[in-house]
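**Student:** Would you mind keeping the following structure in view while I ask a few things?
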Amino acid sequence: MTRIKADRNKTIDFPIDEGTEYLKRCIRVNEDVDVAVIQNQIIVGDTFQILSHLPQGFVDLLIVDPPYNLSKNYHGNSFSKKKETEYREYTKAWLELVLPLLKSTASIYVCCDWKSSIVIGEVLREYSCLRNRITWQREKGRGAKENWKNGMEDIWFSTVSEQYTFNVDAVKIRRKVVAPYRENGTPKDWEETEAGKFRNTCPSNFWDDITIPYWSMAENTAHPTQKPEKLMAKLILASSNPGDIILDPFSGAGTTAVTAKKLGRNFVGIELNELYCAWTQKRLEMAEEDKTIQGYRDGVFWERNTSTLQSKSTDI
C-alpha cells in the first residue's frame, strides 16, 4: 500500500524509477577529466575509483561526511562496522586520494561521531595542519539505558598549509542581549531593533543552534544521516569565497552541493547511490528558485528557535 504524505510533509523520498530524469543530469567519470567537465556536477560512482581521475590542485575547500564506523544500510548500499585499525586504513585511503586535488591554501572539514572522531583526528594530524574540533549538538538521537544519550557530533577542521581562508565576519551568530550595556547612552556592542536587542558574536567551536532537517522542511530527504544546510553554510562561508570550488567525495543527499549553490560557490559531489544522486538533483533544481537557508538571514546565523520580523520561518 502506498503511503500518502501529509500536505505539510516536504520530505524528498521518491523511488529511483520516478527519478530517472534527475539521474540523467548526473555524470559518470571513467577517465581523466578537466575541471570544466566536473564543475557543478554530481558524479555517480565509487569515490575510491573516481578521485584518481580528477585534476590535481583544483579544490579550495574539502567537506567530507564519510560513513561513520557503524553498520548501516543506505538504501541498498551497506557499510559494515570495522575494527579500529581497519577504519583507520579506510580513512587514510580516501584522504591519500583526495589530498593531491587540494590547493595549497585549501581547508578540510571532516564530519564524524565521537568514536570515529578519535581515529579521524589522529589521521588528519598525520596528513595536514590540524586546527580545531567543532562539536555540534543534535537535538535528535536514541535514548540509552546503560549509557548517556549521545547528542553530539564532531567536525575536524584542518588545512593543507599555514595559508588558508577564514572569514570570521561571515559566520557570526546573532544572539539576544540579556544584560544590555550602554556607554554614554549608546548601545555598546549590540543593536536595538524592532524584534529586540541583539549582538553579533564570534563563533566558538561548540554549536548549539543547529536544527536537524525534519519532515516539514523543504531541505529534508529520506537519507538516514543527512546534514543540515545551516551546518554546511557555516563551513562554506568561513572557509571559502564566492566562486571557489568545494569538493564532497561522499555527497549523500547533496547538502554540501545545494548549500554551495545557494551561497554562490561551485561544487563537485561524488555519490555511489543513484537514488541519492537523483534526490540531490531535485534539491539543486529547487535551489534555483529558493536560495534561503534555514537559520541564516541578513548575513548572520540566528540562534535556534529565534523568531524575527519578516522571517519566512518561525523555527530558525
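Note on naming: chains are A, B, ... as they come in the C-alpha cells, residues start from 1 per chain, ligands start from 1 in the order shown.
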Determine, counting only C-alpha atoms, which protein, DNA and RNA residues have an atom within 12 Å of an atom of range 161-163 of chain A; residues of the same chain fewer than 4 positions away are not included. Present the result as a ChimeraX atom specification.

**Tutor:** /A:60,99,102-108,127-131,239

**Student:** Write down as a list of chain:residue names the residues of range 182-262 of chain A whose backbone DSSP state falls under alpha helix (DSSP H).

**Tutor:**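 Everything in range 182-262 of chain A that counts as alpha helix (DSSP H) is A:Glu229, A:Lys230, A:Leu231, A:Met232, A:Ala233, A:Lys234, A:Leu235, A:Ile236, A:Leu237, A:Ala238, A:Ser239, A:Thr255, A:Thr256, A:Ala257, A:Val258, A:Thr259, A:Ala260, A:Lys261, A:Lys262.
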
**Student:** Would you mind exporting C-alpha atoms of the selected residues as a short mmCIF file (atom, residue, chain, number, x, y, z; two decimals), in the first residue's frame?

**Tutor:**
data_model
loop_
_atom_site.label_atom_id
_atom_site.label_comp_id
_atom_site.auth_asym_id
_atom_site.auth_seq_id
_atom_site.Cartn_x
_atom_site.Cartn_y
_atom_site.Cartn_z
CA GLU A 229 22.18 23.15 5.25
CA LYS A 230 22.81 25.55 8.13
CA LEU A 231 25.67 23.36 9.34
CA MET A 232 27.30 23.29 5.90
CA ALA A 233 26.70 27.01 5.40
CA LYS A 234 28.92 27.79 8.38
CA LEU A 235 31.79 25.74 6.96
CA ILE A 236 31.38 27.13 3.45
CA LEU A 237 31.12 30.79 4.44
CA ALA A 238 34.03 30.60 6.86
CA SER A 239 36.47 28.72 4.63
CA THR A 255 23.59 19.08 1.25
CA THR A 256 27.10 20.39 0.55
CA ALA A 257 26.37 20.89 -3.16
CA VAL A 258 23.00 22.53 -2.57
CA THR A 259 24.33 24.88 0.10
CA ALA A 260 27.33 25.78 -2.06
CA LYS A 261 24.99 26.65 -4.93
CA LYS A 262 22.85 28.84 -2.68
#

**Student:** Might you pull out every residue within 12 Å of Thr225 in chain A, with only C-alpha atoms counted and same-chain residues fewer than 6 positions away left off, and present them as an MDAnalysis selection string?

**Tutor:** chainID A and resid 65:68 70 72:75 111:113 138 140:141 153 212:214 250:255 276

**Student:** What gap, in Å, lies between CA of Lys83 in chain A and CA of Leu62 in chain A?

**Tutor:**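 Separating CA of Lys83 in chain A from CA of Leu62 in chain A is a distance of 25.9 Å.
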
**Student:** Quick one: residues within 9 Å of Ser216 in chain A, only C-alpha atoms counted, chain neighbours fewer than 4 positions away excluded, as a list in words?

**Tutor:**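 The contact residues come out as Arg8, Asn9, Lys10, Thr11 and Asn220 of chain A.
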
**Student:** Could the residues in this selection be saved with N, CA and C atoms as a PDB file, in the first residue's frame?

**Tutor:**
ATOM      1  N   ARG A   8       1.842  18.992   4.501  1.00  0.00           N
ATOM      2  CA  ARG A   8       2.992  19.741   5.015  1.00  0.00           C
ATOM      3  C   ARG A   8       4.287  18.934   4.968  1.00  0.00           C
ATOM      4  N   ASN A   9       4.196  17.664   4.613  1.00  0.00           N
ATOM      5  CA  ASN A   9       5.379  16.816   4.571  1.00  0.00           C
ATOM      6  C   ASN A   9       6.143  17.078   3.273  1.00  0.00           C
ATOM      7  N   LYS A  10       7.283  17.719   3.386  1.00  0.00           N
ATOM      8  CA  LYS A  10       8.074  18.111   2.211  1.00  0.00           C
ATOM      9  C   LYS A  10       9.251  17.172   1.945  1.00  0.00           C
ATOM     10  N   THR A  11       9.326  16.083   2.672  1.00  0.00           N
ATOM     11  CA  THR A  11      10.455  15.172   2.540  1.00  0.00           C
ATOM     12  C   THR A  11      10.609  14.655   1.118  1.00  0.00           C
ATOM     13  N   ASN A 220      14.586  18.594   3.662  1.00  0.00           N
ATOM     14  CA  ASN A 220      14.612  17.247   4.215  1.00  0.00           C
ATOM     15  C   ASN A 220      14.495  16.176   3.133  1.00  0.00           C
TER      16      ASN A 220
END

**Student:** Which is closer to Ile293 in chain A than all the others in A:Val268, A:Val44, A:Leu275, A:Ile210, using only C-alpha atoms?

**Tutor:** A:Ile210

**Student:** Near Gln281 in chain A, counting only C-alpha atoms, which residues have an atom at most 10 Å away, once you skip same-chain residues fewer than 2 positions from it, shown as a VMD selection string?

**Tutor:** chain A and resid 19 21 to 26 41 to 42 253 to 254 257 to 258 276 to 279 283 to 287

**Student:** Using the selection just defined, write its residues with C-alpha atoms as a compact mmCIF listing (two decimals), in the first residue's frame.

**Tutor:**
# COMPACT_ATOMS: atom_id res chain seq x y z
CA GLY A 19 13.83 9.94 -10.56
CA GLU A 21 15.18 12.30 -15.36
CA TYR A 22 17.06 13.68 -12.38
CA LEU A 23 19.64 10.89 -12.55
CA LYS A 24 20.31 11.74 -16.20
CA ARG A 25 21.58 15.16 -15.08
CA CYS A 26 24.45 13.48 -13.21
CA GLN A 41 28.26 18.33 -11.24
CA ILE A 42 27.21 15.33 -9.20
CA ALA A 253 21.71 13.60 -0.40
CA GLY A 254 23.70 16.59 -1.62
CA ALA A 257 26.37 20.89 -3.16
CA VAL A 258 23.00 22.53 -2.57
CA TYR A 276 20.70 9.90 -3.52
CA CYS A 277 22.09 11.43 -6.70
CA ALA A 278 18.56 11.85 -8.04
CA TRP A 279 17.42 13.43 -4.77
CA ARG A 283 17.27 19.76 -4.43
CA LEU A 284 19.57 21.61 -6.83
CA GLU A 285 16.56 22.33 -9.02
CA MET A 286 14.67 23.69 -6.02
CA ALA A 287 17.67 25.86 -5.14

**Student:** Go ahead and compute the interatomic distance for CA of Glu31 in chain A and CA of Asn273 in chain A, in Å to one decimal.

**Tutor:**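 Value for the CA of Glu31 in chain A-CA of Asn273 in chain A distance: 19.9 Å.
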
**Student:** If you run DSSP on the backbone, which residues of range 161-272 of chain A are strand (DSSP E), as a list in words?

**Tutor:** Ile173, Arg174, Arg175, Lys176, Arg182, Glu183, Thr186, Pro187, Glu191, Glu192, Thr193, Gly196, Lys197, Phe198, Arg199, Asn200, Thr201, Phe206, Trp207, Ile245, Ile246, Leu247, Asp248, Asn266, Phe267, Val268, Gly269, Ile270 and Glu271 of chain A

**Student:** For each of A:Asn150, A:Gln39, A:Thr221, A:Thr85, take the minimum atom-to-atom distance to Trp114 in chain A, counting only C-alpha atoms, then give the residue where this is smallest.

**Tutor:** A:Asn150

**Student:** Might you pull out every residue within 7 Å of range 198-203 of chain A, with only C-alpha atoms counted and same-chain residues fewer than 2 positions away left off, and present them as a PDB file with C-alpha atoms, in the first residue's frame?

**Tutor:**
ATOM      1  CA  VAL A 168      35.075  35.154  10.692  1.00  0.00           C
ATOM      2  CA  VAL A 171      29.819  33.339  10.358  1.00  0.00           C
ATOM      3  CA  LYS A 172      28.891  35.481  13.319  1.00  0.00           C
ATOM      4  CA  ILE A 173      25.896  34.452  15.390  1.00  0.00           C
ATOM      5  CA  ARG A 174      23.105  36.860  16.291  1.00  0.00           C
ATOM      6  CA  ARG A 175      22.221  36.400  19.953  1.00  0.00           C
ATOM      7  CA  LYS A 176      19.700  38.102  22.165  1.00  0.00           C
ATOM      8  CA  VAL A 177      21.244  40.534  24.637  1.00  0.00           C
ATOM      9  CA  ASP A 189      28.482  46.133  21.011  1.00  0.00           C
ATOM     10  CA  TRP A 190      24.774  45.497  20.400  1.00  0.00           C
ATOM     11  CA  GLU A 191      21.894  46.962  18.454  1.00  0.00           C
ATOM     12  CA  GLU A 192      18.256  47.617  19.231  1.00  0.00           C
ATOM     13  CA  GLY A 196      14.586  43.111  20.231  1.00  0.00           C
ATOM     14  CA  ASN A 205      33.782  25.526  18.306  1.00  0.00           C
TER      15      ASN A 205
END

**Student:** With distances taken over only C-alpha atoms, which residue among A:Trp94, A:Phe301, A:Trp215, A:Phe206 lies nearest Asp46 in chain A?

**Tutor:**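 So, comparing all the options, the nearest one is A:Trp94.
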